[in-house]
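Asks: So that you have it, the file is query.cif, and it contains mmCIF, C-alpha atoms:
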```
data_target
#
loop_
_atom_site.label_atom_id
_atom_site.label_comp_id
_atom_site.auth_asym_id
_atom_site.auth_seq_id
_atom_site.Cartn_x
_atom_site.Cartn_y
_atom_site.Cartn_z
CA MET A 241 5.35 47.52 -24.24
CA ASN A 242 3.48 44.39 -23.19
CA GLU A 243 5.04 43.22 -19.97
CA LYS A 244 3.76 40.38 -17.86
CA ILE A 245 4.16 40.49 -14.12
CA LEU A 246 4.30 37.19 -12.26
CA PHE A 247 3.81 37.13 -8.50
CA VAL A 248 5.36 34.12 -6.77
CA ASP A 249 4.37 33.59 -3.17
CA THR A 250 7.05 31.63 -1.33
CA SER A 251 5.60 32.12 2.13
CA LYS A 252 5.52 29.13 4.46
CA GLU A 253 1.72 29.17 4.47
CA CYS A 254 1.49 29.03 0.68
CA ILE A 255 4.04 26.21 0.43
CA ASP A 256 2.22 24.29 3.19
CA LEU A 257 -1.06 24.69 1.32
CA LEU A 258 0.52 23.38 -1.88
CA ARG A 259 1.82 20.37 0.05
CA LYS A 260 -1.63 19.79 1.52
CA TYR A 261 -3.25 19.76 -1.93
CA ALA A 262 -0.49 17.54 -3.30
CA LYS A 263 -1.11 15.12 -0.41
CA GLU A 264 -4.86 15.18 -1.13
CA GLY A 265 -4.06 14.27 -4.73
CA LEU A 266 -1.97 11.35 -3.54
CA LYS A 267 -4.77 10.23 -1.21
CA SER A 268 -7.32 10.24 -4.03
CA SER A 269 -4.97 8.31 -6.32
CA GLY A 270 -4.24 5.90 -3.44
CA LYS A 271 -7.95 5.19 -3.13
CA ILE A 272 -8.15 4.44 -6.83
CA ILE A 273 -5.15 2.11 -6.90
CA THR A 274 -6.16 0.16 -3.77
CA LYS A 275 -9.65 -0.30 -5.21
CA ILE A 276 -8.19 -1.64 -8.46
CA LEU A 277 -5.84 -3.97 -6.57
CA LYS A 278 -8.63 -5.34 -4.38
CA ASN A 279 -10.91 -5.85 -7.39
CA ASP A 280 -8.08 -7.70 -9.15
CA ILE A 281 -7.67 -10.03 -6.18
CA LYS A 282 -11.42 -10.71 -6.10
CA SER A 283 -11.73 -11.22 -9.85
CA ASN A 284 -8.80 -13.66 -9.97
CA HIS A 285 -10.29 -15.67 -7.12
CA TYR A 286 -7.21 -15.65 -4.94
CA ARG A 287 -8.25 -17.71 -1.95
CA THR A 288 -7.10 -15.48 0.86
CA GLY A 289 -9.06 -12.73 2.54
CA GLY A 290 -5.94 -11.78 4.48
CA LEU A 291 -4.16 -10.69 1.32
CA TYR A 292 -7.18 -8.61 0.27
CA LYS A 293 -7.33 -6.94 3.69
CA SER A 294 -3.60 -6.23 3.80
CA ILE A 295 -3.49 -3.99 0.68
CA VAL A 296 -3.07 -0.35 1.57
CA ALA A 297 -1.64 2.95 0.33
CA TRP A 298 -0.11 5.61 2.55
CA ALA A 299 0.05 9.33 1.77
CA LYS A 300 3.07 10.75 3.59
CA ILE A 301 5.20 13.84 3.73
CA ASN A 302 8.99 13.64 3.80
CA TYR A 303 9.70 16.18 6.52
CA LYS A 304 13.34 16.60 5.46
CA THR A 305 12.41 17.76 1.94
CA GLY A 306 8.79 18.73 2.58
CA GLN A 307 7.63 16.70 -0.41
CA PRO A 308 4.53 14.50 -0.24
CA TYR A 309 4.75 10.95 -1.55
CA MET A 310 2.66 7.80 -1.69
CA GLU A 311 3.54 4.22 -0.84
CA VAL A 312 1.45 1.28 -2.04
CA GLY A 313 1.97 -2.03 -0.32
CA TYR A 314 0.84 -4.54 2.24
CA ARG A 315 0.19 -4.07 5.94
CA SER A 316 2.64 -5.72 8.31
CA LYS A 317 1.73 -8.48 10.74
CA ALA A 318 1.53 -5.93 13.57
CA GLN A 319 -0.73 -3.63 11.54
CA MET A 320 -3.03 -6.53 10.68
CA LYS A 321 -3.20 -7.58 14.33
CA LYS A 322 -3.99 -3.99 15.34
CA ARG A 323 -6.96 -4.05 12.92
CA GLY A 324 -8.22 -7.27 14.54
CA ILE A 325 -7.31 -9.59 11.65
CA LYS A 326 -6.22 -12.94 13.06
CA TYR A 327 -4.41 -14.53 10.12
CA TYR A 328 -1.51 -12.69 8.55
CA VAL A 329 -0.68 -13.48 4.95
CA ASN A 330 2.91 -12.74 4.03
CA PRO A 331 2.53 -11.16 0.60
CA TRP A 332 6.16 -11.81 -0.35
CA TRP A 333 5.35 -15.25 -1.74
CA PHE A 334 2.55 -13.79 -3.79
CA GLU A 335 4.48 -10.79 -5.10
CA GLN A 336 7.94 -12.32 -5.66
CA GLY A 337 7.19 -16.05 -5.73
CA ILE A 338 8.87 -18.84 -3.74
CA ASN A 339 11.28 -21.60 -4.64
CA PRO A 340 10.37 -25.25 -4.10
CA HIS A 341 11.17 -26.24 -0.50
CA THR A 342 10.42 -28.73 2.24
CA ILE A 343 8.44 -27.86 5.36
CA ALA A 344 8.83 -30.01 8.49
CA THR A 345 8.05 -29.70 12.18
CA LYS A 346 10.97 -28.53 14.36
CA GLU A 347 10.69 -31.74 16.36
CA TYR A 348 11.06 -33.84 13.19
CA VAL A 349 14.03 -31.78 11.98
CA ASN A 350 15.84 -32.10 15.35
CA THR A 351 15.01 -35.70 16.36
CA GLY A 352 13.58 -37.40 13.28
CA LYS A 353 10.35 -38.06 15.21
CA SER A 354 7.18 -36.07 15.64
CA SER A 355 4.33 -36.21 18.11
CA TYR A 356 2.14 -33.89 16.02
CA GLU A 357 1.43 -33.17 12.35
CA LEU A 358 1.52 -29.97 10.34
CA GLN A 359 -1.92 -28.48 9.81
CA ASP A 360 -3.50 -25.41 8.26
CA ASN A 361 -5.72 -22.85 9.99
CA ARG A 362 -8.80 -25.00 9.24
CA GLY A 363 -7.33 -28.04 11.00
CA ALA A 364 -6.53 -30.12 7.88
CA LYS A 365 -3.46 -32.29 8.64
CA PHE A 366 -0.57 -32.72 6.21
CA GLY A 367 1.86 -35.00 8.04
CA VAL A 368 5.24 -34.19 9.61
CA ILE A 369 6.96 -33.25 6.35
CA VAL A 370 5.55 -31.50 3.28
CA LYS A 371 7.16 -30.62 -0.06
CA ASN A 372 6.06 -27.23 -1.36
CA PRO A 373 6.36 -27.11 -5.17
CA GLY A 374 6.99 -23.35 -5.19
CA ARG A 375 5.10 -20.63 -7.03
CA ARG A 376 5.88 -17.94 -9.60
CA GLY A 377 5.53 -14.34 -8.46
CA LYS A 378 2.59 -12.26 -9.67
CA ASN A 379 4.09 -8.72 -9.33
CA LEU A 380 0.56 -7.57 -8.53
CA LEU A 381 1.47 -4.21 -7.00
CA ARG A 382 4.02 -3.10 -9.57
CA ASN A 383 2.00 -4.22 -12.60
CA THR A 384 -1.22 -2.67 -11.31
CA VAL A 385 0.46 0.69 -10.66
CA TYR A 386 2.20 0.71 -14.05
CA ASN A 387 -0.96 -0.36 -15.92
CA ASN A 388 -3.10 2.31 -14.23
CA ILE A 389 -0.70 5.24 -14.15
CA LYS A 390 -3.11 7.34 -16.25
CA GLU A 391 -5.89 7.01 -13.64
CA ILE A 392 -3.44 7.79 -10.82
CA ARG A 393 -2.24 10.97 -12.55
CA GLU A 394 -5.81 12.04 -13.35
CA ALA A 395 -6.79 11.77 -9.68
CA GLN A 396 -3.79 13.88 -8.69
CA ILE A 397 -4.58 16.49 -11.35
CA GLN A 398 -8.17 16.80 -10.08
CA ALA A 399 -6.93 17.45 -6.54
CA LEU A 400 -4.29 19.93 -7.70
CA LYS A 401 -6.88 21.95 -9.65
CA LYS A 402 -7.84 23.45 -6.27
CA ILE A 403 -4.62 25.43 -6.45
CA ASP A 404 -6.01 27.41 -9.39
CA ASP A 405 -8.90 28.60 -7.19
CA LEU A 406 -6.64 29.48 -4.28
CA LYS A 407 -6.93 32.92 -2.77
CA VAL A 408 -4.13 33.87 -0.42
CA GLU A 409 -5.40 35.46 2.75
CA LYS A 410 -3.45 37.20 5.41
CA GLY A 411 -2.61 34.88 8.29
CA LEU A 412 -3.40 31.70 6.36
CA ASN A 413 -2.83 28.63 8.55
CA VAL A 414 -2.69 25.13 7.09
CA ASP A 415 -2.95 21.86 9.00
CA LEU A 416 -1.02 19.22 7.04
CA GLY A 417 -1.96 16.35 9.33
CA GLY A 418 0.22 13.26 9.77
CA ASP A 419 0.88 10.23 7.61
CA GLU A 420 -2.40 8.70 6.53
CA GLU A 421 -3.40 5.19 5.56
CA ILE A 422 -5.74 4.88 2.60
CA ASP A 423 -8.11 1.93 2.40
#
```
Can the structure in the file be given as structure tokens, please?
Replies:
Amino acid sequence: MNEKILFVDTSKECIDLLRKYAKEGLKSSGKIITKILKNDIKSNHYRTGGLYKSIVAWAKINYKTGQPYMEVGYRSKAQMKKRGIKYYVNPWWFEQGINPHTIATKEYVNTGKSSYELQDNRGAKFGVIVKNPGRRGKNLLRNTVYNNIKEIREAQIQALKKIDDLKVEKGLNVDLGGDEEID
């Protein structure tokens, strides 16, 4: 008789170690995808450094299920300010697009008069009312992730190969760390 015995370790330490390696895989794939996104922004000559600086991936663990996951997105205004970046670029217009609309000073909207003009962060004046023609969305995040899913999976596989070399020791203690931002 040729019987195969399979030992499955379901101890908390072993499960925590598996989560740690899964999170490392997500971190390495997060580094790859943020690098691709930033290179795409540079190569397409988008004129904002704020957008480039706001791209980030987070490796997190859902503490209800214990499963690691990754989020790819843009830093919030508060996160940008915390990093010392003065100008926040709302990526919504870039990702989803905006409809044509009119921009006016509050004073002009309320009274029909204005004592100042709209201006950009460089001081160029536009007048008291401006018509924005709108812009189509780029879907940069979604398209980049979908187009590079092979590289993301490969990075995760490389990190998970450590599990094959794992030797369970008595009293194994694993530090999972907290949620981490990947630049």
Asks: Expand the PyMOL selection byres ((chain A and resi 291) around 10) into the explicit residue set it covers here, and present it as an MDAnalysis selection string.
Replies: chainID A and resid 278 281 286:290 292:295 314:315 327:331 334
Asks: For those residues, write C-alpha atoms to a file as an mmCIF file, in the frame of the given file.
Replies:
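Printed below is out-v8.cif as written:
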```cif
data_model
loop_
_atom_site.group_PDB
_atom_site.id
_atom_site.type_symbol
_atom_site.label_atom_id
_atom_site.label_comp_id
_atom_site.auth_asym_id
_atom_site.auth_seq_id
_atom_site.Cartn_x
_atom_site.Cartn_y
_atom_site.Cartn_z
ATOM 1 C CA LYS A 278 -8.630 -5.340 -4.380
ATOM 2 C CA ILE A 281 -7.670 -10.030 -6.180
ATOM 3 C CA TYR A 286 -7.210 -15.650 -4.940
ATOM 4 C CA ARG A 287 -8.250 -17.710 -1.950
ATOM 5 C CA THR A 288 -7.100 -15.480 0.860
ATOM 6 C CA GLY A 289 -9.060 -12.730 2.540
ATOM 7 C CA GLY A 290 -5.940 -11.780 4.480
ATOM 8 C CA TYR A 292 -7.180 -8.610 0.270
ATOM 9 C CA LYS A 293 -7.330 -6.940 3.690
ATOM 10 C CA SER A 294 -3.600 -6.230 3.800
ATOM 11 C CA ILE A 295 -3.490 -3.990 0.680
ATOM 12 C CA TYR A 314 0.840 -4.540 2.240
ATOM 13 C CA ARG A 315 0.190 -4.070 5.940
ATOM 14 C CA TYR A 327 -4.410 -14.530 10.120
ATOM 15 C CA TYR A 328 -1.510 -12.690 8.550
ATOM 16 C CA VAL A 329 -0.680 -13.480 4.950
ATOM 17 C CA ASN A 330 2.910 -12.740 4.030
ATOM 18 C CA PRO A 331 2.530 -11.160 0.600
ATOM 19 C CA PHE A 334 2.550 -13.790 -3.790
#
```
Asks: Tell me which of A:Glu347, A:Asp360, A:Glu421, A:Glu394 sits closest to Thr274 of chain A, counting all atoms listed in the file.
Replies: A:Glu421
Asks: One number please: atom CA of Gly377 of chain A to atom CA of Glu335 of chain A, in Å, one decimal.
Replies: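 Interatomic distance, atom CA of Gly377 of chain A to atom CA of Glu335 of chain A: 5.0 Å.
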Asks: What is the distance between atom CA of Lys346 of chain A and atom CA of Met320 of chain A, in Å to one decimal?
Replies: 26.3 Å
Asks: Separation of atom CA of Ile397 of chain A and atom CA of Lys260 of chain A, in Å?
Replies: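 Pair atom CA of Ile397 of chain A / atom CA of Lys260 of chain A returns 13.6 Å.
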Asks: Determine the residue membership of the PyMOL selection byres ((chain A and resi 368) around 10) for the file above and supply it as a ChimeraX atom specification.
Replies: /A:343-349,352-359,365-367,369-370
Asks: Restricted to C-alpha atoms, what would the selected residues look like written as an mmCIF file, in the frame of the given file?
Replies:
```cif
data_model
loop_
_atom_site.group_PDB
_atom_site.id
_atom_site.type_symbol
_atom_site.label_atom_id
_atom_site.label_comp_id
_atom_site.auth_asym_id
_atom_site.auth_seq_id
_atom_site.Cartn_x
_atom_site.Cartn_y
_atom_site.Cartn_z
ATOM 1 C CA ILE A 343 8.440 -27.860 5.360
ATOM 2 C CA ALA A 344 8.830 -30.010 8.490
ATOM 3 C CA THR A 345 8.050 -29.700 12.180
ATOM 4 C CA LYS A 346 10.970 -28.530 14.360
ATOM 5 C CA GLU A 347 10.690 -31.740 16.360
ATOM 6 C CA TYR A 348 11.060 -33.840 13.190
ATOM 7 C CA VAL A 349 14.030 -31.780 11.980
ATOM 8 C CA GLY A 352 13.580 -37.400 13.280
ATOM 9 C CA LYS A 353 10.350 -38.060 15.210
ATOM 10 C CA SER A 354 7.180 -36.070 15.640
ATOM 11 C CA SER A 355 4.330 -36.210 18.110
ATOM 12 C CA TYR A 356 2.140 -33.890 16.020
ATOM 13 C CA GLU A 357 1.430 -33.170 12.350
ATOM 14 C CA LEU A 358 1.520 -29.970 10.340
ATOM 15 C CA GLN A 359 -1.920 -28.480 9.810
ATOM 16 C CA LYS A 365 -3.460 -32.290 8.640
ATOM 17 C CA PHE A 366 -0.570 -32.720 6.210
ATOM 18 C CA GLY A 367 1.860 -35.000 8.040
ATOM 19 C CA ILE A 369 6.960 -33.250 6.350
ATOM 20 C CA VAL A 370 5.550 -31.500 3.280
#
```
Asks: Of the candidates A:Ile422, A:Cys254, A:Ala364, A:Ala262, which one gets nearest to Ala395 of chain A if we count all atoms listed in the file?
Replies: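 Among A:Ile422, A:Cys254, A:Ala364, A:Ala262, it is A:Ala262 that comes nearest to Ala395 of chain A.
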Asks: Of the candidates A:Ser316, A:Thr342, A:Thr384, A:Leu400, which one gets nearest to Asn279 of chain A if we count all atoms listed in the file?
Replies: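 Using all atoms listed in the file, the shortest distance to Asn279 of chain A belongs to A:Thr384.
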